[in-house]
>>> print(open('coords.cif').read())   # mmCIF, C-alpha atoms and all ligand atoms
data_upload
loop_
_atom_site.label_atom_id
_atom_site.label_comp_id
_atom_site.auth_asym_id
_atom_site.auth_seq_id
_atom_site.Cartn_x
_atom_site.Cartn_y
_atom_site.Cartn_z
CA MET A 1 -67.70 -156.74 -80.66
CA GLY A 2 -67.35 -159.74 -78.30
CA ALA A 3 -68.80 -160.08 -74.81
CA ASP A 4 -65.73 -158.40 -73.28
CA GLY A 5 -66.16 -155.34 -75.47
CA THR A 6 -69.86 -154.84 -74.86
CA PHE A 7 -69.47 -155.42 -71.11
CA GLU A 8 -66.65 -152.90 -70.88
CA ARG A 9 -68.55 -150.27 -72.83
CA MET A 10 -71.75 -150.65 -70.80
CA TRP A 11 -69.80 -150.71 -67.54
CA SER A 12 -67.97 -147.50 -68.38
CA GLU A 13 -71.23 -145.83 -69.42
CA LEU A 14 -72.81 -146.57 -66.03
CA GLU A 15 -69.70 -146.03 -63.92
CA PRO A 16 -70.02 -142.25 -63.40
CA VAL A 17 -73.81 -142.19 -62.94
CA GLY A 18 -74.72 -141.24 -59.37
CA ARG A 19 -71.20 -141.74 -58.05
CA HIS A 20 -70.41 -139.44 -55.17
CA PRO A 21 -67.09 -137.67 -55.79
CA ARG A 22 -65.87 -137.89 -52.20
CA SER A 23 -67.15 -141.25 -50.95
CA GLY A 24 -66.77 -143.02 -54.28
CA GLY A 25 -70.08 -144.74 -53.46
CA TYR A 26 -73.25 -144.71 -55.54
CA ARG A 27 -76.38 -142.77 -54.69
CA ARG A 28 -78.97 -143.99 -57.14
CA PHE A 29 -82.29 -143.54 -55.40
CA ALA A 30 -85.62 -144.50 -56.95
CA TRP A 31 -86.95 -141.85 -59.33
CA ALA A 32 -84.22 -139.31 -58.51
CA ASP A 33 -81.85 -137.96 -61.18
CA ALA A 34 -79.20 -140.70 -61.09
CA ASP A 35 -81.87 -143.40 -61.24
CA LEU A 36 -83.48 -141.67 -64.23
CA GLU A 37 -80.09 -141.57 -65.94
CA CYS A 38 -79.73 -145.31 -65.37
CA ARG A 39 -83.21 -145.82 -66.83
CA THR A 40 -82.28 -143.80 -69.90
CA TRP A 41 -79.16 -145.96 -70.22
CA PHE A 42 -81.32 -149.10 -70.07
CA VAL A 43 -83.69 -147.84 -72.78
CA ALA A 44 -80.76 -146.87 -75.04
CA ASN A 45 -79.13 -150.29 -74.66
CA ALA A 46 -82.41 -152.04 -75.40
CA ALA A 47 -82.97 -149.90 -78.47
CA GLU A 48 -79.45 -150.56 -79.74
CA ARG A 49 -80.25 -154.27 -79.69
CA ASP A 50 -83.67 -153.85 -81.35
CA LEU A 51 -85.43 -154.96 -78.19
CA ASP A 52 -88.90 -153.59 -77.47
CA VAL A 53 -88.68 -151.67 -74.24
CA GLU A 54 -91.51 -150.79 -71.89
CA ALA A 55 -92.03 -149.55 -68.35
CA ASP A 56 -94.77 -151.41 -66.51
CA GLY A 57 -97.24 -149.66 -64.21
CA ASN A 58 -94.83 -150.02 -61.28
CA GLY A 59 -91.90 -148.53 -63.18
CA ASN A 60 -90.03 -151.79 -63.79
CA LEU A 61 -88.27 -151.69 -67.16
CA TRP A 62 -88.56 -154.61 -69.60
CA ALA A 63 -86.62 -155.14 -72.82
CA TRP A 64 -88.12 -157.86 -74.99
CA TRP A 65 -86.42 -160.21 -77.42
CA GLY A 66 -89.53 -161.83 -78.85
CA ASP A 67 -93.23 -161.33 -78.26
CA PRO A 68 -94.09 -160.05 -74.76
CA GLU A 69 -97.63 -161.40 -75.14
CA ALA A 70 -96.58 -164.95 -76.02
CA GLY A 71 -96.17 -166.09 -72.41
CA ASN A 72 -93.68 -168.47 -70.77
CA ALA A 73 -91.05 -165.72 -70.99
CA LEU A 74 -87.50 -166.38 -69.87
CA VAL A 75 -86.51 -163.32 -67.85
CA THR A 76 -83.13 -162.18 -66.61
CA GLY A 77 -81.91 -158.94 -65.04
CA SER A 78 -81.67 -157.25 -61.67
CA HIS A 79 -81.88 -153.62 -60.51
CA LEU A 80 -80.07 -150.32 -61.11
CA ASP A 81 -80.80 -148.38 -57.90
CA SER A 82 -78.45 -148.39 -54.91
CA VAL A 83 -78.26 -147.97 -51.16
CA PRO A 84 -76.64 -144.73 -49.94
CA ASP A 85 -72.97 -144.98 -50.96
CA GLY A 86 -73.48 -148.43 -52.40
CA GLY A 87 -71.03 -150.34 -54.54
CA ALA A 88 -70.90 -150.48 -58.31
CA PHE A 89 -71.91 -154.15 -58.64
CA ASP A 90 -74.99 -154.74 -56.50
CA GLY A 91 -77.75 -154.66 -59.12
CA PRO A 92 -76.07 -153.19 -62.21
CA LEU A 93 -73.86 -156.29 -62.63
CA GLY A 94 -77.01 -158.34 -63.26
CA VAL A 95 -78.44 -155.88 -65.79
CA VAL A 96 -75.18 -155.27 -67.68
CA SER A 97 -74.48 -159.02 -67.72
CA ALA A 98 -77.97 -159.66 -69.08
CA PHE A 99 -77.39 -157.37 -72.08
CA ALA A 100 -73.88 -158.79 -72.58
CA ALA A 101 -75.20 -162.38 -72.37
CA LEU A 102 -77.77 -161.55 -75.02
CA ASP A 103 -74.93 -160.30 -77.23
CA VAL A 104 -73.09 -163.58 -76.64
CA LEU A 105 -76.17 -165.60 -77.57
CA ARG A 106 -76.64 -163.65 -80.77
CA ALA A 107 -72.95 -164.04 -81.62
CA ARG A 108 -73.42 -167.79 -81.12
CA GLY A 109 -76.29 -167.63 -83.62
CA PHE A 110 -78.74 -168.75 -80.97
CA THR A 111 -82.45 -168.07 -81.51
CA PRO A 112 -84.65 -168.59 -78.45
CA SER A 113 -87.78 -170.69 -78.82
CA ARG A 114 -89.66 -168.43 -76.45
CA PRO A 115 -89.61 -164.75 -75.51
CA VAL A 116 -86.59 -163.54 -73.56
CA ALA A 117 -86.79 -160.37 -71.48
CA ILE A 118 -84.23 -158.27 -69.65
CA VAL A 119 -85.67 -156.54 -66.61
CA ALA A 120 -84.49 -153.72 -64.36
CA PHE A 121 -86.70 -153.79 -61.28
CA SER A 122 -87.55 -150.45 -59.78
CA ASP A 123 -86.55 -149.40 -56.26
CA GLU A 124 -84.99 -152.70 -55.19
CA GLU A 125 -83.00 -151.31 -52.30
CA GLY A 126 -85.83 -149.30 -50.82
CA ALA A 127 -83.25 -146.64 -49.93
CA ARG A 128 -85.63 -143.77 -50.59
CA PHE A 129 -89.07 -144.99 -49.49
CA GLY A 130 -88.07 -147.60 -46.93
CA VAL A 131 -89.50 -150.75 -48.54
CA ALA A 132 -87.02 -153.05 -50.28
CA CYS A 133 -87.95 -154.66 -53.62
CA GLY A 134 -90.70 -152.08 -54.09
CA GLY A 135 -91.06 -152.64 -57.85
CA SER A 136 -91.41 -156.42 -57.64
CA ARG A 137 -93.49 -156.32 -54.44
CA LEU A 138 -95.98 -153.94 -56.07
CA MET A 139 -96.14 -156.15 -59.16
CA THR A 140 -96.88 -159.32 -57.17
CA GLY A 141 -99.25 -157.49 -54.84
CA GLU A 142 -97.11 -158.19 -51.79
CA LEU A 143 -96.99 -154.42 -51.33
CA ASP A 144 -100.41 -152.81 -51.55
CA ALA A 145 -100.70 -150.14 -54.26
CA ASP A 146 -102.13 -147.41 -52.02
CA ARG A 147 -99.60 -148.11 -49.32
CA GLY A 148 -96.79 -148.01 -51.87
CA ARG A 149 -97.92 -144.74 -53.44
CA ALA A 150 -98.19 -143.15 -49.99
CA LEU A 151 -94.69 -144.13 -48.80
CA THR A 152 -92.62 -141.01 -48.17
CA ASP A 153 -88.94 -140.22 -48.43
CA ALA A 154 -86.93 -138.21 -45.89
CA GLU A 155 -88.21 -134.96 -47.42
CA GLY A 156 -91.84 -136.04 -47.17
CA VAL A 157 -92.17 -136.64 -50.92
CA THR A 158 -94.50 -139.58 -51.61
CA MET A 159 -93.61 -142.35 -54.02
CA ALA A 160 -96.55 -141.23 -56.17
CA GLU A 161 -95.22 -137.66 -56.29
CA ALA A 162 -91.70 -138.86 -57.11
CA MET A 163 -93.00 -141.04 -59.93
CA ALA A 164 -95.15 -138.23 -61.35
CA ALA A 165 -92.22 -135.79 -61.21
CA ALA A 166 -90.18 -138.33 -63.20
CA GLY A 167 -92.91 -138.60 -65.82
CA HIS A 168 -94.32 -141.93 -64.68
CA ASP A 169 -98.08 -142.03 -63.99
CA PRO A 170 -98.58 -143.44 -60.46
CA ALA A 171 -102.13 -144.48 -61.40
CA GLY A 172 -100.61 -147.61 -62.94
CA VAL A 173 -99.05 -148.76 -59.67
CA GLY A 174 -100.34 -152.05 -58.34
CA THR A 175 -100.60 -155.78 -58.71
CA ASP A 176 -100.07 -157.00 -62.26
CA PRO A 177 -101.26 -160.63 -62.44
CA GLU A 178 -101.38 -160.62 -66.21
CA ARG A 179 -97.69 -159.72 -66.54
CA LEU A 180 -96.78 -162.14 -63.78
CA SER A 181 -98.59 -164.96 -65.57
CA ARG A 182 -96.48 -164.35 -68.69
CA LEU A 183 -93.22 -164.97 -66.81
CA GLY A 184 -92.00 -168.54 -67.19
CA GLN A 185 -88.72 -168.35 -65.28
CA PHE A 186 -86.48 -165.67 -63.80
CA VAL A 187 -82.70 -165.92 -63.52
CA GLU A 188 -80.98 -163.12 -61.59
CA LEU A 189 -77.20 -162.73 -61.68
CA HIS A 190 -75.87 -160.84 -58.66
CA VAL A 191 -72.57 -160.04 -57.02
CA GLU A 192 -71.86 -162.27 -54.01
CA GLN A 193 -72.58 -160.50 -50.71
CA GLY A 194 -70.85 -161.67 -47.56
CA ARG A 195 -68.93 -164.92 -47.29
CA VAL A 196 -70.90 -167.95 -46.15
CA PRO A 197 -69.24 -171.13 -44.91
CA LEU A 198 -68.92 -173.73 -47.66
CA THR A 199 -67.58 -177.25 -47.73
CA THR A 200 -65.32 -178.15 -50.64
CA PRO A 201 -65.57 -181.57 -52.35
CA ASP A 202 -62.57 -182.75 -50.31
CA GLY A 203 -64.27 -181.76 -47.06
CA ALA A 204 -62.47 -178.50 -46.27
CA ARG A 205 -64.45 -175.73 -44.53
CA VAL A 206 -63.94 -172.46 -46.45
CA TRP A 207 -65.53 -168.99 -46.58
CA GLY A 208 -67.38 -167.82 -49.66
CA LEU A 209 -66.72 -168.36 -53.34
CA ASP A 210 -63.21 -166.97 -52.96
CA GLY A 211 -62.32 -169.56 -50.32
CA TYR A 212 -63.87 -172.22 -52.50
CA GLY A 213 -61.94 -171.03 -55.54
CA ALA A 214 -65.06 -170.68 -57.71
CA PRO A 215 -65.94 -167.62 -59.82
CA ILE A 216 -69.65 -168.51 -59.92
CA GLY A 217 -72.12 -169.83 -57.36
CA LEU A 218 -75.79 -170.78 -57.32
CA ALA A 219 -78.37 -169.71 -54.74
CA SER A 220 -80.16 -172.30 -52.63
CA MET A 221 -82.36 -170.01 -50.57
CA ILE A 222 -82.84 -166.59 -49.06
CA TRP A 223 -82.72 -166.65 -45.29
CA PRO A 224 -85.83 -165.66 -43.39
CA HIS A 225 -85.44 -162.24 -41.86
CA GLY A 226 -87.24 -159.63 -39.85
CA ARG A 227 -87.05 -156.24 -38.19
CA TRP A 228 -87.94 -155.48 -34.60
CA ARG A 229 -88.28 -152.18 -32.76
CA PHE A 230 -87.03 -151.91 -29.20
CA ASP A 231 -88.23 -149.06 -26.97
CA PHE A 232 -85.94 -148.51 -24.01
CA ALA A 233 -87.77 -146.17 -21.66
CA GLY A 234 -85.96 -144.27 -18.90
CA ARG A 235 -86.04 -140.92 -17.14
CA ALA A 236 -84.59 -137.75 -18.62
CA ASP A 237 -82.26 -135.96 -16.27
CA HIS A 238 -79.24 -133.66 -16.06
CA ALA A 239 -75.98 -135.22 -17.26
CA GLY A 240 -73.94 -133.18 -14.78
CA THR A 241 -75.98 -133.22 -11.58
CA THR A 242 -77.53 -136.68 -11.47
CA ALA A 243 -75.54 -139.15 -9.37
CA LEU A 244 -74.89 -142.44 -11.13
CA GLY A 245 -76.99 -144.31 -8.58
CA ASP A 246 -79.96 -142.01 -9.17
CA ARG A 247 -80.13 -142.56 -12.90
CA ASP A 248 -82.61 -144.50 -15.00
CA ASP A 249 -80.57 -144.31 -18.19
CA PRO A 250 -82.09 -146.25 -21.12
CA MET A 251 -78.87 -145.90 -23.12
CA ILE A 252 -77.20 -148.35 -20.73
CA ARG A 253 -79.93 -150.91 -21.31
CA TYR A 254 -79.69 -150.33 -25.05
CA ALA A 255 -75.93 -151.00 -24.84
CA ASP A 256 -76.66 -154.23 -22.93
CA ALA A 257 -79.10 -155.23 -25.66
CA VAL A 258 -76.52 -154.66 -28.39
CA LEU A 259 -74.11 -157.02 -26.64
CA ALA A 260 -76.91 -159.48 -25.88
CA ALA A 261 -77.89 -159.52 -29.57
CA ARG A 262 -74.36 -160.35 -30.57
CA ALA A 263 -74.10 -163.14 -28.02
CA ALA A 264 -77.54 -164.52 -28.92
CA ALA A 265 -76.70 -164.52 -32.63
CA GLU A 266 -73.51 -166.46 -31.89
CA ARG A 267 -75.41 -168.91 -29.68
CA HIS A 268 -78.08 -169.58 -32.29
CA THR A 269 -75.85 -169.34 -35.40
CA ALA A 270 -77.78 -166.38 -36.78
CA VAL A 271 -76.91 -162.75 -37.48
CA ALA A 272 -78.38 -159.80 -35.59
CA THR A 273 -77.71 -156.11 -36.07
CA PHE A 274 -78.79 -152.95 -34.31
CA GLY A 275 -78.17 -150.59 -37.23
CA LYS A 276 -80.58 -147.77 -36.51
CA VAL A 277 -81.11 -145.90 -33.28
CA SER A 278 -83.14 -142.87 -32.29
CA VAL A 279 -82.36 -141.09 -29.01
CA HIS A 280 -84.80 -138.76 -27.22
CA PRO A 281 -84.29 -135.93 -26.60
CA ASN A 282 -80.83 -136.49 -28.15
CA GLY A 283 -79.01 -133.83 -26.17
CA VAL A 284 -75.32 -134.16 -25.39
CA ASN A 285 -75.83 -133.08 -21.77
CA ALA A 286 -79.05 -134.96 -21.08
CA ILE A 287 -79.71 -138.50 -19.90
CA PRO A 288 -82.16 -139.80 -22.52
CA SER A 289 -85.81 -140.41 -21.73
CA LEU A 290 -86.18 -142.93 -24.52
CA VAL A 291 -83.91 -144.89 -26.85
CA GLN A 292 -85.57 -146.57 -29.81
CA ALA A 293 -83.49 -149.06 -31.71
CA TRP A 294 -84.16 -151.40 -34.58
CA LEU A 295 -82.85 -154.96 -34.71
CA ASP A 296 -82.43 -156.77 -38.02
CA ALA A 297 -82.11 -160.52 -37.50
CA ARG A 298 -81.62 -163.29 -40.05
CA GLY A 299 -80.66 -166.92 -40.08
CA SER A 300 -80.93 -170.15 -41.99
CA ASP A 301 -84.28 -171.01 -40.41
CA GLU A 302 -87.08 -169.25 -38.57
CA GLU A 303 -86.42 -170.96 -35.22
CA ARG A 304 -82.90 -169.62 -34.84
CA VAL A 305 -83.98 -166.10 -35.81
CA ARG A 306 -86.90 -166.16 -33.34
CA ALA A 307 -84.67 -167.59 -30.61
CA THR A 308 -82.13 -164.82 -31.17
CA VAL A 309 -84.75 -162.08 -30.92
CA ALA A 310 -86.38 -163.70 -27.88
CA ASP A 311 -83.04 -163.66 -26.05
CA VAL A 312 -82.73 -159.90 -26.62
CA SER A 313 -86.38 -159.05 -26.07
CA GLY A 314 -86.21 -159.08 -22.27
CA HIS A 315 -84.00 -156.01 -22.36
CA THR A 316 -86.60 -153.64 -23.79
CA GLY A 317 -89.37 -151.62 -22.10
CA SER A 318 -88.72 -149.75 -18.87
CA ARG A 319 -86.44 -150.93 -16.09
CA THR A 320 -89.37 -152.18 -14.01
CA SER A 321 -91.57 -153.57 -16.80
CA PRO A 322 -89.67 -155.24 -19.62
CA GLN A 323 -91.64 -155.68 -22.85
CA PRO A 324 -91.31 -157.78 -25.96
CA ALA A 325 -89.87 -156.09 -29.02
CA VAL A 326 -92.32 -154.91 -31.68
CA GLU A 327 -92.10 -156.95 -34.87
CA GLU A 328 -92.23 -154.47 -37.75
CA SER A 329 -91.67 -156.92 -40.59
CA TRP A 330 -91.16 -160.60 -41.16
CA THR A 331 -90.11 -162.24 -44.43
CA PRO A 332 -90.20 -166.04 -44.50
CA ALA A 333 -87.44 -168.13 -46.06
CA VAL A 334 -87.51 -168.37 -49.84
CA ARG A 335 -86.29 -171.64 -51.31
CA PHE A 336 -85.41 -171.39 -54.97
CA ASP A 337 -86.92 -173.90 -57.38
CA ASP A 338 -84.96 -177.18 -57.13
CA ALA A 339 -85.79 -178.35 -60.66
CA LEU A 340 -84.70 -175.05 -62.19
CA ARG A 341 -81.50 -175.04 -60.14
CA ASP A 342 -80.68 -178.53 -61.41
CA VAL A 343 -81.10 -177.38 -65.03
CA VAL A 344 -78.95 -174.32 -64.35
CA ALA A 345 -76.25 -176.40 -62.64
CA THR A 346 -76.17 -178.76 -65.62
CA ALA A 347 -75.88 -175.83 -68.03
CA LEU A 348 -72.92 -174.47 -66.04
CA LYS A 349 -71.09 -177.77 -65.78
CA PRO A 350 -69.16 -177.86 -69.08
CA ARG A 351 -67.51 -174.49 -68.44
CA PHE A 352 -67.44 -174.25 -64.63
CA GLY A 353 -67.72 -177.79 -63.28
CA ALA A 354 -69.94 -178.39 -60.26
CA VAL A 355 -70.61 -174.88 -58.93
CA PRO A 356 -71.10 -174.36 -55.19
CA VAL A 357 -74.66 -173.84 -53.98
CA LEU A 358 -75.04 -171.27 -51.21
CA PRO A 359 -77.73 -169.45 -49.24
CA THR A 360 -77.88 -165.68 -48.92
CA GLY A 361 -78.97 -163.41 -46.13
CA ALA A 362 -79.89 -160.63 -48.57
CA GLY A 363 -83.34 -160.04 -50.07
CA HIS A 364 -83.71 -159.97 -53.87
CA ASP A 365 -86.39 -159.46 -56.51
CA ALA A 366 -85.79 -163.11 -57.46
CA GLY A 367 -87.02 -164.00 -53.97
CA ILE A 368 -90.16 -161.89 -54.37
CA LEU A 369 -90.96 -163.56 -57.71
CA ALA A 370 -90.19 -167.02 -56.31
CA ALA A 371 -92.56 -166.39 -53.41
CA ALA A 372 -95.20 -165.39 -55.99
CA GLY A 373 -94.82 -168.72 -57.79
CA VAL A 374 -92.40 -167.82 -60.60
CA PRO A 375 -89.60 -170.42 -60.73
CA ALA A 376 -86.45 -168.41 -60.05
CA ALA A 377 -82.72 -169.01 -59.83
CA MET A 378 -79.78 -166.83 -58.84
CA LEU A 379 -76.19 -166.87 -60.01
CA PHE A 380 -73.58 -165.23 -57.78
CA VAL A 381 -70.34 -163.75 -59.08
CA ARG A 382 -67.39 -164.03 -56.70
CA ASN A 383 -66.76 -161.01 -54.46
CA PRO A 384 -63.36 -161.72 -52.86
CA THR A 385 -63.97 -159.77 -49.64
CA GLY A 386 -67.73 -160.28 -49.51
CA VAL A 387 -68.12 -156.56 -48.74
CA SER A 388 -71.30 -155.11 -50.23
CA HIS A 389 -73.51 -152.02 -49.74
CA SER A 390 -70.20 -150.17 -49.63
CA PRO A 391 -67.87 -148.45 -52.08
CA ALA A 392 -65.40 -151.27 -51.26
CA GLU A 393 -67.66 -153.86 -52.94
CA SER A 394 -65.66 -155.58 -55.67
CA ALA A 395 -65.50 -158.29 -58.29
CA ASP A 396 -62.63 -159.03 -60.67
CA ARG A 397 -63.31 -158.19 -64.27
CA ALA A 398 -62.42 -161.75 -65.32
CA ASP A 399 -65.08 -163.08 -62.93
CA CYS A 400 -67.65 -160.60 -64.27
CA LEU A 401 -66.95 -161.87 -67.79
CA SER A 402 -67.25 -165.45 -66.50
CA GLY A 403 -70.64 -164.39 -65.16
CA VAL A 404 -71.67 -163.22 -68.63
CA GLU A 405 -70.63 -166.55 -70.15
CA ALA A 406 -72.41 -168.43 -67.35
CA LEU A 407 -75.60 -166.45 -67.86
CA ALA A 408 -75.43 -166.98 -71.62
CA ASP A 409 -74.99 -170.75 -71.10
CA VAL A 410 -77.97 -170.81 -68.75
CA LEU A 411 -80.21 -168.77 -71.06
CA GLU A 412 -79.22 -170.95 -73.98
CA ALA A 413 -80.12 -174.10 -72.03
CA LEU A 414 -83.46 -172.65 -70.90
CA GLY A 415 -84.39 -170.64 -74.00
ZN ZN B 1 -79.01 -156.17 -55.22
#
>>> encode(input="coords.cif", output="C-alpha cells")
Amino acid sequence: MGADGTFERMWSELEPVGRHPRSGGYRRFAWADADLECRTWFVANAAERDLDVEADGNGNLWAWWGDPEAGNALVTGSHLDSVPDGGAFDGPLGVVSAFAALDVLRARGFTPSRPVAIVAFSDEEGARFGVACGGSRLMTGELDADRGRALTDAEGVTMAEAMAAAGHDPAGVGTDPERLSRLGQFVELHVEQGRVPLTTPDGARVWGLDGYGAPIGLASMIWPHGRWRFDFAGRADHAGTTALGDRDDPMIRYADAVLAARAAAERHTAVATFGKVSVHPNGVNAIPSLVQAWLDARGSDEERVRATVADVSGHTGSRTSPQPAVEESWTPAVRFDDALRDVVATALKPRFGAVPVLPTGAGHDAGILAAAGVPAAMLFVRNPTGVSHSPAESADRADCLSGVEALADVLEALG
C-alpha cells in the first residue's frame, strides 16, 4: 500500500474517535475514554510496523524504529488530544503523517543510520487540567512533577487520579533528563493555524500559505505569549432600582477594557483576547460586585506584547484605585534552530521549491523541546481558512499527502 492508502486508512480509523455527534468537533481530553482510544490506535499502528512502543513516565507514547538506547534519535510526531470541540487535524495530522512517512521511507528502501521515533505527546492542549503541553513540560521539567500530578479537572479529579484510572502509574511523572538526552532532533508536522502575513518572492503581501500558494511551510518561531487576570471591582446593587448615576458597575469597565485591548493590539501589532470571564454574583437582575477576566496576549516580540497589556492594565481594579493586571503566565519567544531549518528547507526544495518560513502564535511541544535544548523544526500543512480549534478546521487531502511526502523527504535527509 502506498502513502495515500496508509494515510487514508489511519485517518478513517481515527475519524470517529471522540467526535461529538452534534457539534462535529472532537473532545479528546487527556486520559479520558477518547484519548485512551487514540492511544490504543497508536500502539496498534506501531505494532503493525514492528516498532517498539513504550509509554514514558509522563504518558507520552514512543514508537521506535531502531534502538531507543542508542542516542541521537530523530523524532517526529505531535499529539492526539484536542481542545473542546477541536478540529480533526490539530495534532493527529502530525502523528498520522509520521506513520505514513515511515511507510514511504520503507517503500523507498531507506534505512536510517540512527534511531527514528514517532511520538504522541500527552495532554498537549491542556484542555482538561489547564496546562498546555503537559506531557512535554513534565518531561523537560518545565512543569514540576508534584504540581502536575495535583492539577485538577473541572470535576476535581487530579491528573494523578486520571492517570491511575487509565492504568498509568503517576509515580513515574516528572523530569526525564535521560530520555531528553537521547533525542537528537525533533520535527513536528502540524496543520497551519491562522493566516500570517507573508511576502511572496515578487513582493506581494499575502495571507497565510493559501495566499502564498504553498502547500507546506516552515516555522521560524513561536511568538512570546502570556495570560493576565483582570479584577474589576464594583458595588453589587439592584438592577431595577439603582439609578444609572448611582451605579459602580464593573461590567462597564470590563467592556471598556475589551475595546481597549483590541485597540492596543492594533496599535502595537499584537493580538489580545479576553476569552474567559467570571462574573460575581452572576445574577441576571444584579449589578455585579466583581468581574474577573483573563487576557491572552501574543506578538512577534516581548515589547509589543507588554505594551499591549500595559495599555489595558489601567482599566482594572476599582473605579477609584486602578491596579495592574496579575500576570498568571509568561512564555518567552521560541526561535527554532536555524541550522536545522536550513537542512529541512534544502530537503524540501526538490519537491516543493523554496517553502515560506512563518511564525506562529500557537504553543507546541516542539517549542517546549526547543526551549529545553533539543534542536526542533516544524512543518505546517496549508489550512485554507486558517481556522483551528474548531470543527471548521480543514486541510485538503492532497495537501495532507504532500505533508507526508515532505516529512519523508526531511526524515530521509536527516536520518
Ligand atoms: Zn496542536
>>> residues_around(input="coords.cif", residues="Asn45 in chain A", least_positions_apart="2", cutoff="12 Å", atoms="all atoms listed in the file", output="number ranges by chain")
A: 6-7, 9-11, 13-14, 38-43, 47-53, 61-64, 95-96, 98-100, 102-103, 118
>>> residues_near_ligand(input="coords.cif", ligand="ligand ZN 1 (chain B)", cutoff="12 Å", atoms="all atoms listed in the file", output="ChimeraX atom specification")
/A:77-83,86-95,120-127,132-133,188-193,360-367,378,380,388-389,393
>>> closest_residue(input="coords.cif", among="A:Ala239, A:Gly386, A:Glu161, A:Trp228", to="Gly275 in chain A", atoms="all atoms listed in the file")
A:Trp228
>>> closest_residue(input="coords.cif", among="A:Leu183, A:Val343, A:Ile216, A:Ala164", to="Leu358 in chain A", atoms="only C-alpha atoms")
A:Ile216
>>> closest_atom_pairs(input="coords.cif", of="range 188-254 of chain A", to="range 278-299 of chain A", cutoff="9 Å", atoms="all atoms listed in the file", output="Markdown table")
| residue | atom | partner | partner_atom | distance |
| --- | --- | --- | --- | --- |
| A:Trp223 | CA | A:Gly299 | CA | 5.6 |
| A:Pro224 | CA | A:Arg298 | CA | 5.9 |
| A:His225 | CA | A:Arg298 | CA | 4.4 |
| A:Gly226 | CA | A:Ala297 | CA | 5.7 |
| A:Arg227 | CA | A:Asp296 | CA | 4.7 |
| A:Trp228 | CA | A:Leu295 | CA | 5.1 |
| A:Arg229 | CA | A:Trp294 | CA | 4.6 |
| A:Phe230 | CA | A:Ala293 | CA | 5.2 |
| A:Asp231 | CA | A:Gln292 | CA | 4.6 |
| A:Phe232 | CA | A:Val291 | CA | 5.0 |
| A:Ala233 | CA | A:Leu290 | CA | 4.6 |
| A:Gly234 | CA | A:Ser289 | CA | 4.8 |
| A:Arg235 | CA | A:Ser289 | CA | 4.6 |
| A:Ala236 | CA | A:Ser289 | CA | 4.3 |
| A:Asp237 | CA | A:Ile287 | CA | 5.1 |
| A:His238 | CA | A:Ala286 | CA | 5.2 |
| A:Ala239 | CA | A:Ala286 | CA | 4.9 |
| A:Gly240 | CA | A:Asn285 | CA | 7.2 |
| A:Thr242 | CA | A:Ile287 | CA | 8.9 |
| A:Arg247 | CA | A:Ile287 | CA | 8.1 |
| A:Asp248 | CA | A:Ile287 | CA | 8.3 |
| A:Asp249 | CA | A:Ile287 | CA | 6.1 |
| A:Pro250 | CA | A:Val291 | CA | 6.2 |
| A:Met251 | CA | A:Val291 | CA | 6.4 |
| A:Tyr254 | CA | A:Val291 | CA | 7.1 |
>>> closest_residue(input="coords.cif", among="A:Val173, A:Val326, A:Ala333, A:Ala310", to="Ala265 in chain A", atoms="all atoms listed in the file")
A:Ala310
>>> residues_around(input="coords.cif", residues="Pro215 in chain A", least_positions_apart="2", cutoff="8 Å", atoms="only C-alpha atoms", output="list in words")
Leu209, Asp210, Gly213, Gly217, Val381, Arg382, Asp399, Ser402 and Gly403 of chain A
>>> residues_near_point(input="coords.cif", point="(-90.0, -167.2, -47.8)", cutoff="10 Å", atoms="only C-alpha atoms", output="list in words")
Met221, Ile222, Trp223, Pro224, His225, Glu302, Trp330, Thr331, Pro332, Ala333, Val334, Arg335, Phe336, Gly367, Ile368, Ala370, Ala371 and Ala372 of chain A
>>> atom_distance(input="coords.cif", atom1="CA of Pro375 in chain A", atom2="CA of Ala354 in chain A")
21.2 Å
>>> closest_residue(input="coords.cif", among="A:Gly57, A:His168, A:Arg114, A:Ser23", to="Ala145 in chain A", atoms="all atoms listed in the file")
A:Gly57
>>> residues_around(input="coords.cif", residues="Asp409 in chain A", least_positions_apart="3", cutoff="10 Å", atoms="all atoms listed in the file", output="number ranges by chain")
A: 101, 104-105, 344, 346-351, 403-406, 412-415
>>> residues_near_point(input="coords.cif", point="(-78.8, -165.9, -34.7)", cutoff="9 Å", atoms="only C-alpha atoms", output="ChimeraX atom specification")
/A:261-272,297-300,304-309
>>> closest_residue(input="coords.cif", among="A:Pro112, A:Gly156, A:Pro170, A:Gly135", to="Ala73 in chain A", atoms="all atoms listed in the file")
A:Pro112
>>> closest_residue(input="coords.cif", among="A:Ala325, A:Gly194, A:Gln185, A:Ala150", to="Trp207 in chain A", atoms="all atoms listed in the file")
A:Gly194
>>> atom_distance(input="coords.cif", atom1="CA of Ser113 in chain A", atom2="CA of Leu218 in chain A")
24.6 Å
>>> axis_aligned_box(input="coords.cif", around="range 218-232 of chain A", padding_each_side="6 Å", output="JSON")
{"center_x": -82.0, "center_y": -160.4, "center_z": -40.7, "size_x": 24.5, "size_y": 35.8, "size_z": 45.3}
